[in-house]
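Worksheet: one structure, shown below.
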Amino acid sequence: MSISYYDFKNLPMQSRYEFVLTEGKIISETSKDGLKFVLYELSSFSVEIVYKTINNKIEGLSVFQNRETL
């Protein structure tokens with residue numbers, strides 16, 4: 001399923017998490033100071049979800065527009 005950056009940003013937060021976890025492709029994962037940062041690729045943008053490693057609870061979500069290469 002494809003969704004635009006703006007449509008994604010207008011979803012309720014819980015729907016954003018669900019969409020990323022079902023439709024996103026993990027492209028990077030790193031851990032630091034008790035947090036795990038997972039970067040997901042979606043159609044035309046990327047989403048980073050931050051998890052607290054001690055309980056695997058979601059701490060935050062950031063959305064990034066992908067730049068087109070020339």
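Following the order of the structure tokens, chains are lettered A, B, ..., residues in each are numbered from 1, and ligands are numbered from 1.
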Could you name the residues that touch Lys36 in chain A at 9 Å or less, counting only C-alpha atoms, but leaving out those on the same chain fewer than 2 positions away, as a PDB file with C-alpha atoms, in the first residue's frame?
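Done, and the output landed in result38.pdb:
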ATOM      1  CA  GLU A  29      18.997  -0.302  13.057  1.00  0.00           C
ATOM      2  CA  THR A  30      21.296   0.981  15.798  1.00  0.00           C
ATOM      3  CA  SER A  31      21.351   1.118  19.601  1.00  0.00           C
ATOM      4  CA  LYS A  32      22.706   3.736  21.975  1.00  0.00           C
ATOM      5  CA  ASP A  33      22.199   4.554  25.665  1.00  0.00           C
ATOM      6  CA  GLY A  34      19.348   2.099  26.195  1.00  0.00           C
ATOM      7  CA  VAL A  38      15.022   1.630  13.674  1.00  0.00           C
ATOM      8  CA  ILE A  49      10.948   4.674  15.459  1.00  0.00           C
ATOM      9  CA  VAL A  50      12.820   4.870  18.761  1.00  0.00           C
ATOM     10  CA  TYR A  51      12.332   2.009  21.205  1.00  0.00           C
ATOM     11  CA  LYS A  52      13.413   1.807  24.841  1.00  0.00           C
ATOM     12  CA  THR A  53      15.418  -1.428  24.895  1.00  0.00           C
ATOM     13  CA  ASN A  56      10.761  -2.534  23.963  1.00  0.00           C
TER      14      ASN A  56
END
Just list as a count of residues only whatever in chain A DSSP marks as strand (DSSP E or B).
32
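Taking CA of Asn55 in chain A as the reference point, CA of Phe8 in chain A is found at 26.6 Å.
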Given the choices A:Ser46, A:Arg67, A:Phe37, A:Gly24, which gets closest to Lys9 in chain A if the distance is worked out from only C-alpha atoms?
A:Ser46
DSSP alpha helix (DSSP H) residues within chain A, as a JSON list (two decimals) with C-alpha atoms, in the first residue's frame:
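Output file out-v9.json is given in full below:
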[["chain", "number", "residue", "atom", "x", "y", "z"],
["A", 5, "TYR", "CA", 4.25, 11.82, 3.18],
["A", 6, "TYR", "CA", 1.47, 14.32, 3.90],
["A", 7, "ASP", "CA", -1.27, 11.71, 4.22],
["A", 8, "PHE", "CA", 0.94, 9.76, 6.61],
["A", 9, "LYS", "CA", 1.58, 12.87, 8.73],
["A", 13, "MET", "CA", -0.28, 8.46, 15.92],
["A", 14, "GLN", "CA", -1.42, 4.88, 16.57],
["A", 15, "SER", "CA", -2.26, 4.46, 12.88],
["A", 16, "ARG", "CA", 1.22, 5.74, 11.95],
["A", 17, "TYR", "CA", 2.87, 3.08, 14.12],
["A", 18, "GLU", "CA", 0.65, 0.34, 12.70],
["A", 19, "PHE", "CA", 1.28, 1.45, 9.11],
["A", 20, "VAL", "CA", 5.05, 1.53, 9.55],
["A", 21, "LEU", "CA", 5.18, -1.86, 11.25],
["A", 22, "THR", "CA", 3.05, -3.55, 8.59],
["A", 23, "GLU", "CA", 4.19, -1.73, 5.41]]
Close residues, Lys25 in chain A itself excluded, 7 Å, only C-alpha atoms, min 3 positions apart in chain, as a PyMOL selection string:
chain A and resi 40-42
Would you kindly return, as a ChimeraX atom specification, each protein, DNA or RNA residue with an atom no farther than 8 Å from any atom of Ser4 in chain A, considering only C-alpha atoms and excluding same-chain residues fewer than 4 positions away?
/A:8,43-45
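Computed from the coordinates, the CA of Val63 in chain A to CA of Leu11 in chain A distance equals 12.2 Å.
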